[in-house]
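my_file.txt (compact mmCIF, C-alpha atoms)
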# COMPACT_ATOMS: atom_id res chain seq x y z
CA MET A 2 -13.92 -16.39 -23.70
CA GLU A 3 -15.45 -12.93 -23.56
CA THR A 4 -16.46 -11.68 -20.13
CA SER A 5 -18.27 -8.55 -19.09
CA LEU A 6 -15.98 -6.87 -16.51
CA LYS A 7 -18.75 -4.67 -15.27
CA SER A 8 -21.18 -7.41 -14.44
CA GLY A 9 -18.76 -10.29 -13.97
CA ILE A 10 -20.99 -12.45 -16.20
CA ASP A 11 -19.52 -15.01 -18.56
CA HIS A 12 -21.81 -14.70 -21.59
CA SER A 13 -20.40 -17.81 -23.27
CA ALA A 14 -21.31 -20.14 -20.43
CA THR A 15 -24.50 -22.13 -20.39
CA PRO A 16 -26.20 -21.63 -18.05
CA LEU A 17 -25.00 -18.12 -17.17
CA ARG A 18 -22.69 -18.12 -14.16
CA ARG A 19 -20.51 -15.77 -12.13
CA ASP A 20 -16.81 -15.58 -12.84
CA THR A 21 -16.03 -16.10 -9.18
CA SER A 22 -12.25 -15.76 -9.42
CA SER A 23 -12.51 -12.34 -11.05
CA LEU A 24 -15.29 -11.29 -8.68
CA THR A 25 -13.26 -12.42 -5.68
CA ALA A 26 -10.28 -10.33 -6.80
CA GLN A 27 -12.48 -7.29 -7.41
CA THR A 28 -14.17 -7.66 -4.04
CA ALA A 29 -10.85 -8.12 -2.25
CA GLY A 30 -9.56 -4.97 -3.93
CA ARG A 31 -12.57 -2.94 -2.81
CA ILE A 32 -12.40 -4.21 0.77
CA ARG A 33 -8.65 -3.59 0.81
CA ALA A 34 -9.14 0.00 -0.37
CA ASP A 35 -11.76 0.63 2.32
CA ILE A 36 -9.51 -0.80 5.03
CA LEU A 37 -6.52 1.24 3.88
CA ASN A 38 -8.41 4.52 3.71
CA GLY A 39 -10.01 3.97 7.11
CA ALA A 40 -13.59 3.25 6.05
CA TRP A 41 -13.34 0.02 8.06
CA LYS A 42 -11.80 0.78 11.46
CA PRO A 43 -9.32 -1.58 13.18
CA GLY A 44 -11.08 -4.35 15.07
CA THR A 45 -14.39 -3.89 13.24
CA LYS A 46 -16.26 -7.15 12.80
CA LEU A 47 -16.75 -7.86 9.11
CA LYS A 48 -20.19 -9.38 8.79
CA ILE A 49 -20.66 -11.33 5.60
CA SER A 50 -24.21 -10.07 5.11
CA ASP A 51 -23.14 -6.44 5.52
CA LEU A 52 -20.30 -6.86 3.04
CA CYS A 53 -22.58 -8.53 0.50
CA THR A 54 -24.92 -5.54 0.68
CA ARG A 55 -22.16 -2.94 0.58
CA TYR A 56 -20.31 -4.44 -2.39
CA GLY A 57 -23.25 -5.98 -4.22
CA VAL A 58 -21.87 -9.50 -4.41
CA GLY A 59 -22.70 -12.94 -3.01
CA THR A 60 -21.34 -14.71 0.03
CA THR A 61 -18.77 -16.85 -1.83
CA PRO A 62 -16.65 -14.02 -3.30
CA VAL A 63 -16.88 -12.14 0.01
CA ARG A 64 -15.61 -15.08 2.04
CA GLU A 65 -12.88 -15.80 -0.49
CA ALA A 66 -11.88 -12.12 -0.55
CA LEU A 67 -11.59 -12.01 3.23
CA SER A 68 -9.45 -15.14 3.19
CA LEU A 69 -7.13 -13.48 0.67
CA LEU A 70 -6.81 -10.39 2.84
CA THR A 71 -5.80 -12.42 5.88
CA SER A 72 -2.56 -13.28 4.09
CA ASP A 73 -1.83 -9.54 3.82
CA ASN A 74 -2.47 -9.03 7.55
CA LEU A 75 -5.30 -6.61 6.82
CA VAL A 76 -8.03 -8.99 8.01
CA GLU A 77 -7.99 -11.43 10.94
CA ARG A 78 -9.93 -14.65 11.16
CA VAL A 79 -11.66 -15.00 14.53
CA ASP A 80 -12.32 -18.63 15.46
CA GLN A 81 -16.01 -19.46 15.28
CA ARG A 82 -16.84 -15.77 14.90
CA GLY A 83 -15.89 -14.92 11.34
CA PHE A 84 -13.58 -12.07 10.36
CA ARG A 85 -12.56 -8.64 11.62
CA VAL A 86 -10.32 -5.82 10.45
CA ALA A 87 -6.82 -6.39 11.80
CA VAL A 88 -6.14 -4.45 14.98
CA VAL A 89 -3.26 -1.98 15.25
CA SER A 90 -0.73 -1.20 17.94
CA LYS A 91 2.40 0.85 18.48
CA ALA A 92 4.44 -2.34 18.95
CA GLU A 93 3.19 -3.82 15.69
CA PHE A 94 3.94 -0.61 13.81
CA SER A 95 7.49 -0.50 15.21
CA GLU A 96 8.05 -4.05 13.98
CA LEU A 97 6.47 -3.20 10.62
CA LEU A 98 8.73 -0.18 10.16
CA LYS A 99 11.87 -2.11 11.12
CA THR A 100 11.06 -4.98 8.77
CA ARG A 101 10.18 -2.63 5.93
CA CYS A 102 13.50 -0.82 6.28
CA TRP A 103 15.40 -4.13 6.28
CA LEU A 104 13.71 -5.44 3.15
CA GLU A 105 13.70 -2.23 1.13
CA LYS A 106 17.35 -1.59 1.99
CA ARG A 107 18.26 -4.83 0.25
CA ALA A 108 15.79 -4.29 -2.59
CA LEU A 109 17.17 -0.81 -3.29
CA GLU A 110 20.79 -1.97 -3.15
CA GLU A 111 20.05 -4.74 -5.64
CA SER A 112 18.10 -2.39 -7.92
CA ILE A 113 20.97 0.11 -8.00
CA LEU A 114 23.41 -2.71 -8.72
CA HIS A 115 21.37 -4.38 -11.47
CA GLY A 116 19.01 -1.69 -12.74
CA ASP A 117 19.36 -0.86 -16.43
CA ARG A 118 18.41 2.16 -18.52
CA ALA A 119 14.78 1.08 -18.55
CA TRP A 120 14.77 1.06 -14.73
CA GLU A 121 16.27 4.55 -14.64
CA GLU A 122 13.68 5.85 -17.09
CA ALA A 123 10.79 4.23 -15.20
CA LEU A 124 12.02 5.79 -11.95
CA VAL A 125 12.32 9.27 -13.48
CA ILE A 126 8.85 8.99 -15.02
CA ALA A 127 7.32 7.78 -11.74
CA HIS A 128 8.89 10.71 -9.91
CA HIS A 129 7.69 13.15 -12.56
CA HIS A 130 4.11 11.89 -12.25
CA LEU A 131 4.30 12.09 -8.46
CA ALA A 132 5.65 15.64 -8.50
CA ARG A 133 2.78 16.84 -10.70
CA PHE A 134 0.16 16.17 -8.01
CA PRO A 135 -0.19 18.01 -4.71
CA ARG A 136 -0.11 15.91 -1.58
CA THR A 137 -3.35 17.42 -0.35
CA ARG A 138 -6.63 18.35 -1.90
CA GLU A 139 -7.74 21.97 -1.92
CA GLY A 140 -9.15 23.25 1.33
CA GLY A 141 -8.07 24.55 4.69
CA ASP A 142 -7.56 21.18 6.35
CA PHE A 143 -4.93 18.60 5.47
CA ASP A 144 -6.92 16.28 3.25
CA ALA A 145 -4.90 13.54 1.57
CA ASN A 146 -5.06 13.52 -2.22
CA PRO A 147 -5.83 9.97 -3.43
CA GLU A 148 -4.19 10.68 -6.80
CA TRP A 149 -0.96 11.56 -4.99
CA GLU A 150 -1.20 8.39 -2.92
CA ILE A 151 -1.41 6.25 -6.07
CA ARG A 152 1.64 7.91 -7.60
CA HIS A 153 3.51 7.82 -4.31
CA LYS A 154 3.26 4.04 -4.22
CA ALA A 155 4.23 3.85 -7.90
CA PHE A 156 7.39 5.87 -7.17
CA HIS A 157 8.49 3.70 -4.26
CA THR A 158 7.70 0.57 -6.27
CA ALA A 159 9.75 1.81 -9.24
CA LEU A 160 12.66 2.56 -6.92
CA ILE A 161 13.12 -1.08 -5.94
CA SER A 162 11.65 -2.75 -9.04
CA ALA A 163 14.99 -3.96 -10.42
CA CYS A 164 15.95 -5.98 -7.34
CA GLY A 165 15.43 -9.24 -9.25
CA SER A 166 13.15 -10.94 -6.71
CA SER A 167 9.39 -11.10 -7.19
CA ILE A 168 9.07 -12.56 -3.69
CA LEU A 169 10.90 -9.63 -2.13
CA LEU A 170 8.78 -7.17 -4.12
CA ARG A 171 5.60 -8.89 -2.96
CA TYR A 172 6.60 -8.59 0.69
CA CYS A 173 7.55 -4.95 0.20
CA ASP A 174 4.19 -4.29 -1.42
CA GLN A 175 2.33 -5.84 1.52
CA LEU A 176 4.33 -3.82 4.03
CA TYR A 177 3.69 -0.64 2.05
CA ASP A 178 -0.06 -1.18 2.26
CA GLN A 179 0.11 -1.91 5.98
CA ASN A 180 2.09 1.29 6.48
CA ILE A 181 -0.51 3.27 4.51
CA ARG A 182 -3.21 1.98 6.86
CA TYR A 183 -1.28 3.25 9.86
CA ARG A 184 -0.82 6.62 8.20
CA MET A 185 -4.54 6.96 7.52
CA ILE A 186 -5.51 5.78 11.00
CA SER A 187 -3.04 8.04 12.78
CA GLY A 188 -3.85 11.15 10.79
CA ILE A 189 -1.33 13.14 8.79
CA SER A 190 -1.91 16.71 9.95
CA ALA A 191 1.79 17.28 10.68
CA TYR A 192 3.04 16.36 7.24
CA PRO A 193 2.87 19.86 5.70
CA SER A 194 5.90 20.74 7.85
CA ARG A 195 8.03 18.23 5.90
CA ARG A 196 9.44 18.73 2.42
CA ILE A 197 8.32 15.35 1.13
CA GLY A 198 8.95 16.25 -2.50
CA GLU A 199 12.56 17.18 -1.79
CA GLU A 200 13.06 13.92 0.09
CA HIS A 201 11.80 11.92 -2.88
CA GLU A 202 13.99 13.81 -5.32
CA ALA A 203 17.07 13.31 -3.12
CA ILE A 204 16.45 9.55 -2.93
CA MET A 205 15.98 9.32 -6.69
CA SER A 206 19.11 11.36 -7.43
CA ALA A 207 21.30 9.12 -5.28
CA ALA A 208 19.80 6.01 -6.89
CA LEU A 209 20.45 7.34 -10.40
CA ASP A 210 24.01 8.24 -9.37
CA ARG A 211 24.37 4.58 -8.34
CA ASP A 212 25.35 5.63 -4.83
CA ALA A 213 23.71 2.84 -2.85
CA ASP A 214 24.92 4.00 0.56
CA VAL A 215 23.49 7.48 0.19
CA ALA A 216 20.28 6.29 -1.47
CA VAL A 217 19.61 3.74 1.28
CA SER A 218 20.43 6.27 4.00
CA ARG A 219 17.99 8.79 2.53
CA LEU A 220 15.27 6.17 2.05
CA ILE A 221 15.55 4.90 5.63
CA SER A 222 15.57 8.47 6.97
CA HIS A 223 12.45 9.15 4.88
CA TYR A 224 10.65 6.18 6.43
CA GLU A 225 11.87 6.80 9.98
CA SER A 226 10.76 10.45 9.89
CA THR A 227 7.25 9.28 9.10
CA GLY A 228 7.56 6.48 11.64
CA ARG A 229 8.45 8.80 14.52
CA PHE A 230 5.36 10.88 13.88
CA LEU A 231 3.06 7.89 13.60
CA GLU A 232 4.42 6.26 16.75
CA GLU A 233 3.76 9.46 18.65
CA ARG A 234 0.19 9.58 17.35
CA LEU A 235 -0.36 5.93 18.23
CA ARG A 236 0.32 6.60 21.89
In structure tokens, how does this file's structure come out?
Amino acid sequence: METSLKSGIDHSATPLRRDTSSLTAQTAGRIRADILNGAWKPGTKLKISDLCTRYGVGTTPVREALSLLTSDNLVERVDQRGFRVAVVSKAEFSELLKTRCWLEKRALEESILHGDRAWEEALVIAHHHLARFPRTREGGDFDANPEWEIRHKAFHTALISACGSSILLRYCDQLYDQNIRYRMISGISAYPSRRIGEEHEAIMSAALDRDADVAVSRLISHYESTGRFLEERLR
């Protein structure tokens, strides 16, 4: 079956109809991106009609997309009142950080234990791509570079990708996105004072040396350094 990705129209169907599953996934991805980059602020009521207008889709894919995002804790369902962007708090972030460190510690240990040559090569390539992009866009203010953000996630995903558990990776992916939202909400003006690139390289080097203790220690320190700053901002 040949489908137009741009329009979401199934040209082989009679009569013409929307490919709702694909449209739902696309809509969920666009809403997710807007929540993560701060376009939708925490606690904002997500009106179905407004979302239909903004994303150019019907009510069904919007409702289904919002339902999907509730499972990622990015959207909350409000009884009898629809949906809203999930609220944030210092307490929730502390729990998020602690859980993320627990899960990624195990995922990294397992990846170092079981990772093969292909895992090593994928990690080196992900780090190389990350290092090629500046963390900020040009300008006087600290303006996050979206290209760097994409490659940053790819690097951290590659680091734990050989853990052998798709369920664990899915949880780690969800926690990563939730952490990104806190970073964007809190602001990242203090980050230029950190040598993020050196931290990434040190984590990768320990992982490639198969030194799980050092790699985990460096990864947790990397997350906790960010966490301390964000918790201070959240006050």
field: Separation of CA of Phe94 in chain A from CA of Gly198 in chain A in Å
entry: 24.0 Å
- request: Fewer than 4 positions away in the same chain doesn't count, so skip those; otherwise give me all residues within 10 Å of Ser68 in chain A, counting only C-alpha atoms, as a list in words.
  value: Ala29, Pro62, Val63, Arg64, Ser72, Asp73, Val76, Glu77, Arg78 and Phe84 of chain A
task: Can you pull out every residue within 12 Å of Ser222 in chain A, counting all atoms listed in the file, but drop anything in the same chain fewer than 3 positions away, and send it as a list of chain:residue names?
output: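 These residues fall inside the cut-off: A:Leu98, A:Lys99, A:Cys102, A:Lys106, A:Ile197, A:Glu200, A:His201, A:Ala203, A:Ile204, A:Val215, A:Ala216, A:Val217, A:Ser218, A:Arg219, A:Glu225, A:Ser226, A:Thr227, A:Gly228, A:Arg229.
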- prompt: Of the candidates A:Ala163, A:Val86, A:Leu231, A:Ala92, which one gets nearest to Leu70 in chain A if we count only C-alpha atoms?
  reply: A:Val86
task: May I have the residues within 7 Å of range 110-119 of chain A as a ChimeraX atom specification, using all atoms listed in the file and disregarding those fewer than 3 positions away in the same chain?
output: /A:106-107,122-123,161-164,208,211,213
field: Neighbour list for range 167-174 of chain A as a PyMOL selection string, cut-off 7 Å, all atoms listed in the file, skip fewer than 3 positions in-chain
entry: chain A and resi 101+104-105+177-178
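Nearest residue to Ser206 in chain A among A:Leu220, A:Leu131, A:Ser166, A:Leu67 is A:Leu220, counting only C-alpha atoms.
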So that each row is one residue of range 153-220 of chain A with an atom at most 9 Å from range 38-52 of chain A, can you give its shortest atom pair and the distance in Å to one decimal, using all atoms listed in the file, rows by chain and rising number, as a Markdown table?
| residue | atom | partner | partner_atom | distance |
| --- | --- | --- | --- | --- |
| A:Ile181 | CA | A:Asn38 | CA | 8.0 |
| A:Arg182 | CA | A:Asn38 | CA | 6.6 |
| A:Met185 | CA | A:Asn38 | CA | 6.0 |
| A:Ile186 | CA | A:Gly39 | CA | 6.2 |
